[in-house]
file target-v8.txt (compact mmCIF, C-alpha atoms and all ligand atoms)
# COMPACT_ATOMS: atom_id res chain seq x y z
CA MET A 1 12.90 -82.41 -44.10
CA LYS A 2 15.51 -83.31 -41.54
CA THR A 3 14.38 -82.73 -37.99
CA ILE A 4 16.07 -80.13 -35.85
CA THR A 5 18.25 -81.62 -33.14
CA HIS A 6 20.19 -78.64 -31.77
CA HIS A 7 17.91 -76.15 -30.02
CA ILE A 8 18.08 -72.81 -28.25
CA PRO A 9 19.11 -73.25 -24.58
CA ASP A 10 16.34 -72.51 -22.10
CA ALA A 11 18.06 -69.52 -20.47
CA LEU A 12 18.28 -67.82 -23.87
CA LEU A 13 14.57 -68.44 -24.51
CA ALA A 14 13.78 -66.94 -21.10
CA ALA A 15 15.99 -63.93 -21.81
CA TYR A 16 14.37 -63.51 -25.21
CA ALA A 17 10.90 -63.57 -23.60
CA ALA A 18 12.08 -61.00 -21.06
CA GLY A 19 13.52 -58.83 -23.80
CA THR A 20 17.08 -58.68 -22.47
CA LEU A 21 19.00 -60.17 -25.38
CA PRO A 22 21.08 -57.99 -27.69
CA TYR A 23 19.59 -57.68 -31.17
CA ALA A 24 22.11 -60.11 -32.73
CA TYR A 25 21.07 -62.99 -30.42
CA GLU A 26 17.44 -62.00 -30.69
CA MET A 27 17.66 -62.52 -34.43
CA VAL A 28 18.99 -66.07 -33.98
CA VAL A 29 16.31 -66.94 -31.42
CA ALA A 30 13.48 -65.43 -33.48
CA ALA A 31 14.72 -67.16 -36.65
CA HIS A 32 15.06 -70.55 -34.94
CA VAL A 33 11.62 -70.22 -33.32
CA SER A 34 10.22 -69.48 -36.79
CA MET A 35 11.57 -72.89 -37.87
CA CYS A 36 11.09 -74.95 -34.70
CA ASP A 37 7.75 -75.62 -33.02
CA ALA A 38 9.37 -77.18 -29.95
CA CYS A 39 11.19 -73.96 -29.14
CA ARG A 40 8.15 -71.90 -30.13
CA ALA A 41 6.18 -73.75 -27.46
CA ASP A 42 8.99 -73.43 -24.90
CA LEU A 43 9.22 -69.71 -25.56
CA ALA A 44 5.45 -69.46 -25.04
CA ALA A 45 5.92 -71.19 -21.66
CA HIS A 46 8.39 -68.49 -20.65
CA GLU A 47 5.91 -65.86 -21.81
CA ALA A 48 3.37 -67.58 -19.57
CA VAL A 49 5.73 -66.99 -16.63
CA GLY A 50 6.05 -63.38 -17.77
CA GLY A 51 2.26 -63.14 -17.89
CA ALA A 52 1.98 -64.56 -14.37
CA VAL A 53 4.53 -62.03 -13.10
CA LEU A 54 2.62 -59.26 -14.87
CA GLU A 55 -0.65 -60.32 -13.23
CA ASP A 56 0.98 -60.33 -9.79
CA THR A 57 2.63 -56.94 -10.25
CA ALA A 58 1.39 -54.26 -7.90
CA SER A 59 -1.05 -52.03 -9.78
CA THR A 60 -0.42 -48.36 -10.34
CA ALA A 61 -3.50 -46.21 -10.89
CA VAL A 62 -3.83 -44.86 -14.42
CA SER A 63 -4.99 -41.32 -15.20
CA ALA A 64 -8.72 -40.82 -15.35
CA ASP A 65 -8.83 -39.98 -19.04
CA LEU A 66 -6.61 -42.82 -20.27
CA LYS A 67 -9.54 -45.19 -20.65
CA SER A 68 -11.92 -42.77 -22.36
CA ASN A 69 -9.16 -41.63 -24.74
CA LEU A 70 -8.42 -45.22 -25.53
CA MET A 71 -12.04 -46.15 -26.17
CA ASP A 72 -12.25 -43.21 -28.60
CA LEU A 73 -9.22 -44.52 -30.46
CA LEU A 74 -10.67 -47.99 -31.08
CA ASP A 75 -12.26 -46.96 -34.37
CA MET A 76 -9.21 -45.10 -35.60
CA PRO A 77 -6.66 -46.79 -37.80
CA PHE A 78 -3.71 -47.97 -35.69
CA GLU A 79 -0.28 -48.74 -37.07
CA THR A 80 1.04 -52.02 -35.71
CA ARG A 81 4.17 -53.75 -36.77
CA SER A 82 3.41 -57.01 -38.54
CA ALA A 83 5.42 -60.14 -37.89
CA PRO A 84 8.04 -60.63 -40.61
CA THR A 85 7.61 -63.20 -43.35
CA ARG A 86 10.04 -65.71 -44.77
CA LYS A 87 11.87 -65.03 -48.02
CA GLY A 88 13.49 -68.05 -49.68
CA ILE A 89 15.86 -69.69 -47.23
CA TYR A 90 15.73 -66.68 -44.91
CA PRO A 91 13.28 -66.86 -41.98
CA GLY A 92 11.23 -63.71 -41.33
CA PRO A 93 13.49 -61.93 -38.84
CA ILE A 94 16.53 -62.41 -41.09
CA ALA A 95 14.61 -61.38 -44.22
CA GLU A 96 13.62 -58.27 -42.28
CA ALA A 97 17.26 -57.51 -41.37
CA LEU A 98 18.12 -57.95 -45.07
CA LYS A 99 15.33 -55.45 -45.81
CA GLY A 100 13.87 -57.96 -48.26
CA LYS A 101 16.98 -57.89 -50.46
CA ALA A 102 19.51 -60.59 -51.28
CA PRO A 103 22.64 -60.63 -49.09
CA ARG A 104 25.57 -58.45 -50.18
CA TRP A 105 28.35 -60.98 -49.88
CA ARG A 106 31.92 -59.83 -49.17
CA PRO A 107 34.82 -62.25 -49.59
CA LEU A 108 36.58 -63.46 -46.45
CA GLY A 109 39.15 -65.68 -48.18
CA GLY A 110 38.97 -69.36 -49.15
CA GLY A 111 35.67 -68.81 -50.94
CA VAL A 112 34.02 -67.97 -47.63
CA ARG A 113 31.84 -64.87 -47.78
CA GLN A 114 29.97 -62.81 -45.24
CA ASP A 115 27.31 -60.14 -45.00
CA ILE A 116 27.23 -58.21 -41.73
CA LEU A 117 23.61 -57.62 -40.76
CA ASP A 118 24.27 -55.85 -37.50
CA ALA A 119 27.40 -54.67 -35.72
CA GLY A 120 27.44 -52.67 -32.55
CA PRO A 121 28.92 -52.60 -29.08
CA GLU A 122 26.29 -55.12 -27.93
CA GLY A 123 27.25 -57.73 -30.49
CA SER A 124 27.19 -58.55 -34.14
CA ALA A 125 25.22 -60.75 -36.51
CA ARG A 126 26.45 -61.87 -39.89
CA LEU A 127 25.46 -64.25 -42.61
CA LEU A 128 28.23 -66.64 -43.63
CA PHE A 129 28.47 -68.43 -46.97
CA ILE A 130 30.80 -71.44 -46.89
CA PRO A 131 31.44 -73.39 -50.13
CA PRO A 132 30.95 -77.19 -49.92
CA GLY A 133 33.74 -78.83 -47.95
CA MET A 134 35.38 -75.53 -47.02
CA ALA A 135 36.10 -74.37 -43.49
CA VAL A 136 35.53 -71.05 -41.79
CA PRO A 137 38.89 -69.68 -40.65
CA ASP A 138 39.81 -70.83 -37.18
CA HIS A 139 38.50 -68.27 -34.77
CA SER A 140 37.86 -67.75 -31.14
CA HIS A 141 35.58 -65.21 -29.57
CA ASN A 142 34.84 -63.50 -26.33
CA GLY A 143 31.55 -64.57 -24.89
CA LEU A 144 29.00 -66.66 -26.67
CA GLU A 145 28.62 -67.41 -30.36
CA LEU A 146 25.32 -68.69 -31.75
CA THR A 147 25.27 -70.15 -35.26
CA LEU A 148 22.02 -71.07 -37.01
CA VAL A 149 22.11 -73.09 -40.24
CA LEU A 150 19.85 -71.80 -43.03
CA GLN A 151 21.05 -73.93 -45.93
CA GLY A 152 23.22 -77.03 -46.20
CA SER A 153 25.11 -78.14 -43.11
CA PHE A 154 28.39 -77.82 -41.26
CA SER A 155 30.25 -79.92 -38.77
CA ASP A 156 32.91 -79.35 -36.16
CA ASP A 157 34.09 -80.95 -32.92
CA ALA A 158 30.66 -80.48 -31.40
CA GLY A 159 28.82 -82.47 -34.08
CA GLU A 160 26.84 -82.00 -37.27
CA PHE A 161 24.46 -79.11 -37.76
CA GLY A 162 21.75 -79.09 -40.42
CA VAL A 163 19.07 -76.60 -41.44
CA GLY A 164 17.41 -75.13 -38.35
CA ASP A 165 20.09 -76.37 -35.94
CA VAL A 166 21.81 -73.90 -33.63
CA GLU A 167 25.36 -74.32 -32.37
CA VAL A 168 26.01 -72.64 -29.04
CA ALA A 169 29.75 -72.10 -28.58
CA ASP A 170 31.24 -70.41 -25.56
CA GLN A 171 34.59 -68.72 -25.44
CA GLU A 172 36.54 -71.88 -24.64
CA VAL A 173 35.63 -73.37 -28.00
CA ASP A 174 38.20 -72.94 -30.73
CA HIS A 175 36.17 -74.44 -33.49
CA ILE A 176 36.61 -74.91 -37.23
CA PRO A 177 33.18 -75.32 -38.80
CA THR A 178 33.44 -77.17 -42.12
CA ALA A 179 30.60 -77.07 -44.63
CA GLY A 180 28.97 -80.32 -45.78
CA PRO A 181 29.98 -81.72 -49.20
CA ASP A 182 26.82 -81.12 -51.22
CA VAL A 183 25.68 -77.50 -51.21
CA PRO A 184 27.16 -74.28 -49.87
CA CYS A 185 26.39 -73.81 -46.20
CA ILE A 186 24.67 -70.54 -45.35
CA CYS A 187 24.32 -69.67 -41.70
CA LEU A 188 23.63 -66.80 -39.35
CA ALA A 189 26.31 -66.24 -36.72
CA ALA A 190 25.80 -63.95 -33.74
CA THR A 191 28.34 -62.95 -31.10
CA ASP A 192 28.32 -60.48 -28.25
CA ALA A 193 31.84 -59.36 -29.12
CA PRO A 194 33.88 -59.01 -32.31
CA LEU A 195 35.24 -62.28 -33.72
CA LYS A 196 38.98 -62.84 -33.65
CA PHE A 197 40.50 -65.00 -36.35
CA ASN A 198 43.59 -67.00 -35.44
CA SER A 199 45.30 -67.30 -38.80
CA TRP A 200 47.37 -64.32 -39.91
CA LEU A 201 45.54 -63.43 -43.10
CA PRO A 202 42.07 -62.91 -41.75
CA ARG A 203 43.57 -61.08 -38.80
CA LEU A 204 45.15 -58.59 -41.21
CA LEU A 205 41.79 -58.21 -42.88
CA GLN A 206 39.92 -57.56 -39.68
CA PRO A 207 40.05 -53.76 -39.73
CA VAL A 208 38.96 -53.71 -43.35
CA PHE A 209 36.11 -56.12 -43.04
CA ARG A 210 34.89 -55.37 -39.54
CA ILE A 211 35.03 -59.01 -38.56
CA MET B 1 -10.76 -61.81 -24.64
CA ILE B 2 -12.62 -64.16 -26.97
CA ALA B 3 -15.57 -61.72 -26.94
CA VAL B 4 -13.17 -58.97 -27.95
CA ARG B 5 -11.71 -61.09 -30.72
CA ASP B 6 -14.86 -62.59 -32.19
CA ASN B 7 -17.56 -59.98 -31.44
CA ARG B 8 -15.50 -56.79 -31.18
CA ASP B 9 -17.13 -56.41 -27.78
CA ARG B 10 -16.26 -52.98 -26.33
CA ALA B 11 -17.59 -53.73 -22.86
CA ALA B 12 -15.40 -56.84 -22.71
CA PHE B 13 -12.46 -54.75 -23.88
CA ALA B 14 -13.20 -52.16 -21.19
CA SER B 15 -13.00 -54.84 -18.50
CA LEU B 16 -9.74 -56.15 -19.97
CA PHE B 17 -8.47 -52.59 -19.68
CA ASP B 18 -9.63 -52.28 -16.07
CA TYR B 19 -7.80 -55.45 -15.14
CA PHE B 20 -4.60 -55.07 -17.14
CA ALA B 21 -3.94 -51.33 -17.52
CA PRO B 22 -2.96 -50.64 -13.87
CA ARG B 23 -0.87 -53.84 -13.75
CA LEU B 24 0.82 -52.95 -17.02
CA LYS B 25 1.56 -49.47 -15.79
CA GLY B 26 3.06 -50.82 -12.57
CA PHE B 27 5.02 -53.39 -14.52
CA ILE B 28 6.42 -50.88 -17.02
CA MET B 29 7.27 -48.36 -14.32
CA ARG B 30 9.20 -50.99 -12.38
CA THR B 31 11.68 -51.03 -15.25
CA GLY B 32 12.40 -47.34 -14.66
CA THR B 33 9.98 -45.72 -17.09
CA GLY B 34 8.26 -42.52 -15.98
CA SER B 35 4.52 -42.39 -15.39
CA GLY B 36 3.70 -40.43 -18.54
CA GLN B 37 5.65 -42.66 -20.89
CA ALA B 38 4.35 -45.76 -19.12
CA GLU B 39 0.79 -44.67 -19.85
CA GLU B 40 1.71 -44.05 -23.45
CA ILE B 41 2.97 -47.63 -23.69
CA VAL B 42 -0.12 -48.96 -21.88
CA GLN B 43 -2.27 -47.21 -24.45
CA GLU B 44 -0.29 -48.64 -27.35
CA VAL B 45 -0.34 -52.13 -25.88
CA MET B 46 -4.09 -52.05 -25.36
CA LEU B 47 -4.65 -50.69 -28.88
CA THR B 48 -2.53 -53.54 -30.21
CA VAL B 49 -4.66 -56.00 -28.21
CA TRP B 50 -7.78 -54.55 -29.84
CA ASN B 51 -6.42 -54.37 -33.36
CA LYS B 52 -4.53 -57.67 -33.38
CA SER B 53 -7.01 -59.76 -31.44
CA ASP B 54 -7.32 -62.16 -34.40
CA LEU B 55 -3.78 -63.35 -33.59
CA PHE B 56 -4.77 -64.44 -30.09
CA ASP B 57 -5.02 -68.23 -29.79
CA PRO B 58 -6.34 -69.44 -26.40
CA GLY B 59 -5.07 -72.93 -27.21
CA ARG B 60 -1.48 -71.64 -27.08
CA ALA B 61 -1.47 -68.65 -24.74
CA GLN B 62 -3.16 -67.06 -21.81
CA VAL B 63 -4.30 -63.47 -22.23
CA SER B 64 -1.68 -62.36 -19.70
CA SER B 65 1.17 -64.07 -21.62
CA TRP B 66 0.01 -62.53 -24.87
CA ILE B 67 -0.20 -59.06 -23.33
CA TYR B 68 3.19 -59.54 -21.64
CA GLN B 69 4.72 -60.29 -25.03
CA ILE B 70 3.07 -57.28 -26.71
CA ALA B 71 4.27 -55.02 -23.89
CA ARG B 72 7.83 -56.32 -24.28
CA ASN B 73 7.74 -55.70 -28.04
CA ARG B 74 6.48 -52.16 -27.60
CA GLN B 75 9.00 -51.27 -24.92
CA ILE B 76 11.96 -52.60 -26.89
CA ASP B 77 10.89 -50.90 -30.12
CA LYS B 78 10.65 -47.67 -28.14
CA ILE B 79 13.94 -47.68 -26.29
CA ARG B 80 16.25 -49.40 -28.75
CA LYS B 81 17.64 -48.32 -32.10
CA GLU B 82 16.82 -51.67 -33.71
CA ASN B 83 13.29 -53.02 -33.62
CA ARG B 84 12.94 -56.25 -31.70
CA ALA B 85 13.56 -59.31 -33.90
CA LEU B 86 10.23 -61.16 -33.98
CA PRO B 87 9.46 -64.73 -35.02
CA GLU B 88 7.14 -65.37 -37.95
CA GLU B 89 3.49 -65.51 -36.97
CA LEU B 90 1.56 -68.73 -37.53
CA GLN B 91 -1.30 -68.17 -39.93
CA MET B 92 -4.60 -68.87 -38.24
CA GLU B 93 -7.65 -69.56 -40.33
CA GLU B 94 -10.94 -67.86 -39.53
CA GLU B 95 -12.72 -71.14 -39.03
CA THR B 96 -10.14 -72.60 -36.63
CA GLU B 97 -12.24 -73.27 -33.55
CA PRO B 98 -10.14 -73.53 -30.41
CA ASP B 99 -10.37 -76.96 -28.80
CA ALA B 100 -12.23 -76.49 -25.50
CA GLY B 101 -10.26 -79.28 -23.80
CA GLN B 102 -6.97 -77.76 -24.87
CA VAL B 103 -8.00 -74.27 -23.71
CA LEU B 104 -9.04 -75.65 -20.33
CA GLY B 105 -5.89 -77.76 -20.01
CA LEU B 106 -3.72 -74.74 -20.69
CA GLN B 107 -5.70 -72.69 -18.21
CA GLN B 108 -5.08 -75.31 -15.53
CA GLU B 109 -1.37 -75.43 -16.29
CA ALA B 110 -1.17 -71.64 -16.13
CA ASP B 111 -2.95 -71.63 -12.76
CA ARG B 112 -0.55 -74.27 -11.49
CA LEU B 113 2.35 -72.12 -12.66
CA LYS B 114 0.97 -69.08 -10.85
CA ASP B 115 0.63 -71.11 -7.65
CA ALA B 116 4.17 -72.41 -8.05
CA ILE B 117 5.48 -68.85 -8.35
CA ARG B 118 3.46 -67.65 -5.35
CA ASN B 119 4.77 -70.52 -3.26
CA LEU B 120 8.43 -69.86 -3.98
CA LYS B 121 10.67 -68.61 -1.21
CA PRO B 122 10.67 -64.79 -1.26
CA GLU B 123 14.20 -64.49 -2.62
CA GLN B 124 13.53 -67.07 -5.35
CA ARG B 125 10.36 -65.32 -6.28
CA GLU B 126 12.19 -62.04 -6.49
CA MET B 127 14.68 -63.61 -8.90
CA ILE B 128 11.84 -64.81 -11.14
CA GLU B 129 10.27 -61.36 -11.08
CA LYS B 130 13.58 -59.73 -11.91
CA ALA B 131 14.27 -62.18 -14.72
CA TYR B 132 10.92 -61.66 -16.44
CA LEU B 133 10.87 -57.94 -15.82
CA GLY B 134 14.05 -57.86 -17.87
CA GLU B 135 16.47 -57.01 -15.07
CA LEU B 136 18.77 -60.02 -15.52
CA THR B 137 21.09 -60.92 -18.38
CA HIS B 138 20.85 -64.37 -19.91
CA GLN B 139 24.03 -65.40 -18.05
CA GLU B 140 22.36 -64.44 -14.79
CA ILE B 141 19.19 -66.32 -15.73
CA LYS B 142 21.31 -69.41 -16.39
CA GLN B 143 22.36 -69.47 -12.74
CA GLN B 144 18.82 -69.76 -11.43
CA THR B 145 16.02 -72.07 -12.49
CA GLY B 146 13.71 -74.16 -10.40
CA LEU B 147 10.37 -73.31 -11.97
CA PRO B 148 8.60 -76.47 -13.13
CA LEU B 149 7.92 -75.54 -16.76
CA GLY B 150 7.84 -79.05 -18.23
CA THR B 151 4.11 -79.64 -18.11
CA ILE B 152 3.07 -76.25 -19.43
CA LYS B 153 5.59 -76.66 -22.25
CA SER B 154 4.03 -79.98 -23.27
CA ARG B 155 0.57 -78.49 -23.05
CA ILE B 156 1.48 -75.61 -25.35
CA ARG B 157 3.17 -78.05 -27.74
CA LEU B 158 -0.10 -79.96 -27.97
CA GLY B 159 -1.93 -76.76 -28.86
CA LEU B 160 0.65 -76.01 -31.52
CA GLU B 161 0.48 -79.51 -32.98
CA ARG B 162 -3.26 -79.29 -33.16
CA LEU B 163 -3.07 -75.98 -34.98
CA ARG B 164 -0.49 -77.37 -37.44
CA HIS B 165 -2.68 -80.38 -38.07
CA GLU B 166 -5.70 -78.23 -38.75
CA LEU B 167 -3.77 -75.95 -41.08
CA LYS B 168 -2.66 -78.96 -43.09
CA HIS B 169 -6.25 -80.10 -43.23
CA ILE B 170 -7.49 -76.79 -44.56
CA ARG B 171 -4.89 -76.55 -47.29
ZN ZN A 301 14.27 -75.64 -31.29
call {"tool": "encode", "arguments": {"input": "target-v8.txt", "output": "structure tokens"}}
result
Amino acid sequence: MKTITHHIPDALLAAYAAGTLPYAYEMVVAAHVSMCDACRADLAAHEAVGGAVLEDTASTAVSADLKSNLMDLLDMPFETRSAPTRKGIYPGPIAEALKGKAPRWRPLGGGVRQDILDAGPEGSARLLFIPPGMAVPDHSHNGLELTLVLQGSFSDDAGEFGVGDVEVADQEVDHIPTAGPDVPCICLAATDAPLKFNSWLPRLLQPVFRI
Amino acid sequence: MIAVRDNRDRAAFASLFDYFAPRLKGFIMRTGTGSGQAEEIVQEVMLTVWNKSDLFDPGRAQVSSWIYQIARNRQIDKIRKENRALPEELQMEEETEPDAGQVLGLQQEADRLKDAIRNLKPEQREMIEKAYLGELTHQEIKQQTGLPLGTIKSRIRLGLERLRHELKHIR
């Protein structure tokens, strides 16, 4: 397997550890960490900082019965959320967002398809399906766009991105990702604002498709 | 923590509680949560520690980092509509013995990190606290760095590589 060369920037790993990322970015970070041991280790380093801060936090006395109640609960069944598991090409956190089902692709024009996994005021996350050699319509965006490759590859001005690679594009970038020639490229794209497409057709479609 | 994980040692768990519960409560309340709800979260975090102790790997994390992460998960799942997106968990085999050298090496790096934080200038230290308490956005975190994380990162990578190697061996 090709090694991952484009990683999650350190500030995003720190923000993930601290729990301040919107869900859409969180999904990209958690999916990349599921595929990349280097970033898994770096995230753990940020959690070590979090742990150090926690240990140095001024204590607040807990109620007298908290401990005895807790000790009584140790033998009781306790519902914990399990970490998600991978399904096919979809890393755990994406498989979880898909609720274990296959994506429900909607056409975007030019053979490009999308499935919106999450859309809210904080940001949006979508899966994109790009046929071999095809390009995603030219678009710009407010804020930051993170794109994680799950199958195949794409390239644009910033370079080539294969499975596991993350492209981090800020608002200055007007990029045209083009899928590699061999297999359809499937990727997860997350933004903290709605995408704006620059060509007239997708712009007309925007209200319909919630781009 | 290892006694909790391997021997289900209640006395060891009680001392973990004594050390972490008041810190956790203070930590959670600093983010604006009321005392009652903070205790509820403390209880859930500590129950998770007890019930998920098999996931704790001292070659990759300190107890405090692991508890920090659990507390973050619980808080986000509680306040937000969407559950926090979590990475896949690495499967650990029962017979995976942690490497004593690795555990010690990580311990030393973690101690060094704690010293580094304590020796920061007050305003820098406050920024670190704010960042990891979840009071800064990622854009704000980008502006400030300065913590030497390189060596602890390499140490954790070693622990991860060792685990991967062992998993390959078992399969
Ligand atoms: Zn990475």
call {"tool": "residues_around", "arguments": {"input": "target-v8.txt", "residues": "Glu135 (chain B)", "least_positions_apart": "6", "cutoff": "9 Å", "atoms": "only C-alpha atoms", "output": "PyMOL selection string"}}
result
(chain A and resi 18+20) or (chain B and resi 31+129)
call {"tool": "residues_near_ligand", "arguments": {"input": "target-v8.txt", "ligand": "ligand ZN 301 (chain A)", "cutoff": "10 Å", "atoms": "only C-alpha atoms and all ligand atoms", "output": "compact mmCIF listing (two decimals) with C-alpha atoms, in the frame of the given file"}}
result
# COMPACT_ATOMS: atom_id res chain seq x y z
CA THR A 3 14.38 -82.73 -37.99
CA ILE A 4 16.07 -80.13 -35.85
CA THR A 5 18.25 -81.62 -33.14
CA HIS A 6 20.19 -78.64 -31.77
CA HIS A 7 17.91 -76.15 -30.02
CA ILE A 8 18.08 -72.81 -28.25
CA PRO A 9 19.11 -73.25 -24.58
CA ASP A 10 16.34 -72.51 -22.10
CA LEU A 13 14.57 -68.44 -24.51
CA VAL A 29 16.31 -66.94 -31.42
CA HIS A 32 15.06 -70.55 -34.94
CA VAL A 33 11.62 -70.22 -33.32
CA SER A 34 10.22 -69.48 -36.79
CA MET A 35 11.57 -72.89 -37.87
CA CYS A 36 11.09 -74.95 -34.70
CA ASP A 37 7.75 -75.62 -33.02
CA ALA A 38 9.37 -77.18 -29.95
CA CYS A 39 11.19 -73.96 -29.14
CA ARG A 40 8.15 -71.90 -30.13
CA ALA A 41 6.18 -73.75 -27.46
CA ASP A 42 8.99 -73.43 -24.90
CA LEU A 43 9.22 -69.71 -25.56
CA GLY A 164 17.41 -75.13 -38.35
CA ASP A 165 20.09 -76.37 -35.94
CA VAL A 166 21.81 -73.90 -33.63
call {"tool": "closest_atom_pairs", "arguments": {"input": "target-v8.txt", "of": "chain B", "to": "chain A", "cutoff": "6 Å", "atoms": "only C-alpha atoms", "output": "Markdown table"}}
result
| residue | atom | partner | partner_atom | distance |
| --- | --- | --- | --- | --- |
| B:Pro22 | CA | A:Ser59 | CA | 4.7 |
| B:Arg23 | CA | A:Ser59 | CA | 4.4 |
| B:Lys25 | CA | A:Thr60 | CA | 5.9 |
| B:Gly26 | CA | A:Thr60 | CA | 4.8 |
| B:Ser64 | CA | A:Gly51 | CA | 4.4 |
| B:Ser65 | CA | A:Gly51 | CA | 4.0 |
| B:Tyr68 | CA | A:Gly51 | CA | 5.3 |
| B:Ala85 | CA | A:Met27 | CA | 5.2 |
| B:Leu86 | CA | A:Ala30 | CA | 5.4 |
| B:Pro87 | CA | A:Ala30 | CA | 4.4 |
| B:Glu88 | CA | A:Ser34 | CA | 5.3 |
| B:Glu89 | CA | A:Ala83 | CA | 5.8 |
| B:Lys114 | CA | A:Ala52 | CA | 5.8 |
| B:Tyr132 | CA | A:Ala18 | CA | 4.8 |
| B:Gly134 | CA | A:Ala18 | CA | 4.9 |
| B:His138 | CA | A:Ala15 | CA | 5.2 |
| B:Ile141 | CA | A:Ala11 | CA | 5.8 |
| B:Lys142 | CA | A:Ala11 | CA | 5.2 |
| B:Lys153 | CA | A:Asp42 | CA | 5.4 |
| B:Ile156 | CA | A:Ala41 | CA | 5.5 |
| B:Arg157 | CA | A:Ala41 | CA | 5.3 |
call {"tool": "atom_distance", "arguments": {"input": "target-v8.txt", "atom1": "CA of Val103 (chain B)", "atom2": "CA of Arg155 (chain B)"}}
result
9.6 Å
call {"tool": "atom_distance", "arguments": {"input": "target-v8.txt", "atom1": "CA of Phe161 (chain A)", "atom2": "CA of Lys101 (chain A)"}}
result
25.8 Å
call {"tool": "axis_aligned_box", "arguments": {"input": "target-v8.txt", "around": "region 94-112 of chain B", "padding_each_side": "6 Å", "output": "AutoDock Vina command-line options"}}
result
--center_x -6.6 --center_y -73.6 --center_z -25.5 --size_x 24.2 --size_y 23.4 --size_z 40.0
call {"tool": "closest_residue", "arguments": {"input": "target-v8.txt", "among": "A:Val168, A:Leu117, A:Leu150, A:Asp156", "to": "Lys87 (chain A)", "atoms": "only C-alpha atoms"}}
result
A:Leu150
call {"tool": "closest_residue", "arguments": {"input": "target-v8.txt", "among": "B:Glu82, B:Asp6, B:Glu40, B:Asp99", "to": "Ala119 (chain A)", "atoms": "all atoms listed in the file"}}
result
B:Glu82
call {"tool": "atom_distance", "arguments": {"input": "target-v8.txt", "atom1": "CA of Met127 (chain B)", "atom2": "CA of Asp192 (chain A)"}}
result
23.9 Å
call {"tool": "residues_around", "arguments": {"input": "target-v8.txt", "residues": "region 176-186 of chain A", "least_positions_apart": "5", "cutoff": "10 Å", "atoms": "all atoms listed in the file", "output": "ChimeraX atom specification"}}
result
/A:89-90,112-114,127-140,148-163
call {"tool": "write_last_selection", "arguments": {"input": "target-v8.txt", "atoms": "C-alpha atoms", "output": "mmCIF file, keeping the file's coordinate frame"}}
result
data_model
loop_
_atom_site.group_PDB
_atom_site.id
_atom_site.type_symbol
_atom_site.label_atom_id
_atom_site.label_comp_id
_atom_site.auth_asym_id
_atom_site.auth_seq_id
_atom_site.Cartn_x
_atom_site.Cartn_y
_atom_site.Cartn_z
ATOM 1 C CA ILE A 89 15.860 -69.690 -47.230
ATOM 2 C CA TYR A 90 15.730 -66.680 -44.910
ATOM 3 C CA VAL A 112 34.020 -67.970 -47.630
ATOM 4 C CA ARG A 113 31.840 -64.870 -47.780
ATOM 5 C CA GLN A 114 29.970 -62.810 -45.240
ATOM 6 C CA LEU A 127 25.460 -64.250 -42.610
ATOM 7 C CA LEU A 128 28.230 -66.640 -43.630
ATOM 8 C CA PHE A 129 28.470 -68.430 -46.970
ATOM 9 C CA ILE A 130 30.800 -71.440 -46.890
ATOM 10 C CA PRO A 131 31.440 -73.390 -50.130
ATOM 11 C CA PRO A 132 30.950 -77.190 -49.920
ATOM 12 C CA GLY A 133 33.740 -78.830 -47.950
ATOM 13 C CA MET A 134 35.380 -75.530 -47.020
ATOM 14 C CA ALA A 135 36.100 -74.370 -43.490
ATOM 15 C CA VAL A 136 35.530 -71.050 -41.790
ATOM 16 C CA PRO A 137 38.890 -69.680 -40.650
ATOM 17 C CA ASP A 138 39.810 -70.830 -37.180
ATOM 18 C CA HIS A 139 38.500 -68.270 -34.770
ATOM 19 C CA SER A 140 37.860 -67.750 -31.140
ATOM 20 C CA LEU A 148 22.020 -71.070 -37.010
ATOM 21 C CA VAL A 149 22.110 -73.090 -40.240
ATOM 22 C CA LEU A 150 19.850 -71.800 -43.030
ATOM 23 C CA GLN A 151 21.050 -73.930 -45.930
ATOM 24 C CA GLY A 152 23.220 -77.030 -46.200
ATOM 25 C CA SER A 153 25.110 -78.140 -43.110
ATOM 26 C CA PHE A 154 28.390 -77.820 -41.260
ATOM 27 C CA SER A 155 30.250 -79.920 -38.770
ATOM 28 C CA ASP A 156 32.910 -79.350 -36.160
ATOM 29 C CA ASP A 157 34.090 -80.950 -32.920
ATOM 30 C CA ALA A 158 30.660 -80.480 -31.400
ATOM 31 C CA GLY A 159 28.820 -82.470 -34.080
ATOM 32 C CA GLU A 160 26.840 -82.000 -37.270
ATOM 33 C CA PHE A 161 24.460 -79.110 -37.760
ATOM 34 C CA GLY A 162 21.750 -79.090 -40.420
ATOM 35 C CA VAL A 163 19.070 -76.600 -41.440
#
call {"tool": "closest_residue", "arguments": {"input": "target-v8.txt", "among": "A:Ala190, A:Asp65, A:Gln171, A:Pro121", "to": "Leu146 (chain A)", "atoms": "all atoms listed in the file"}}
result
A:Ala190
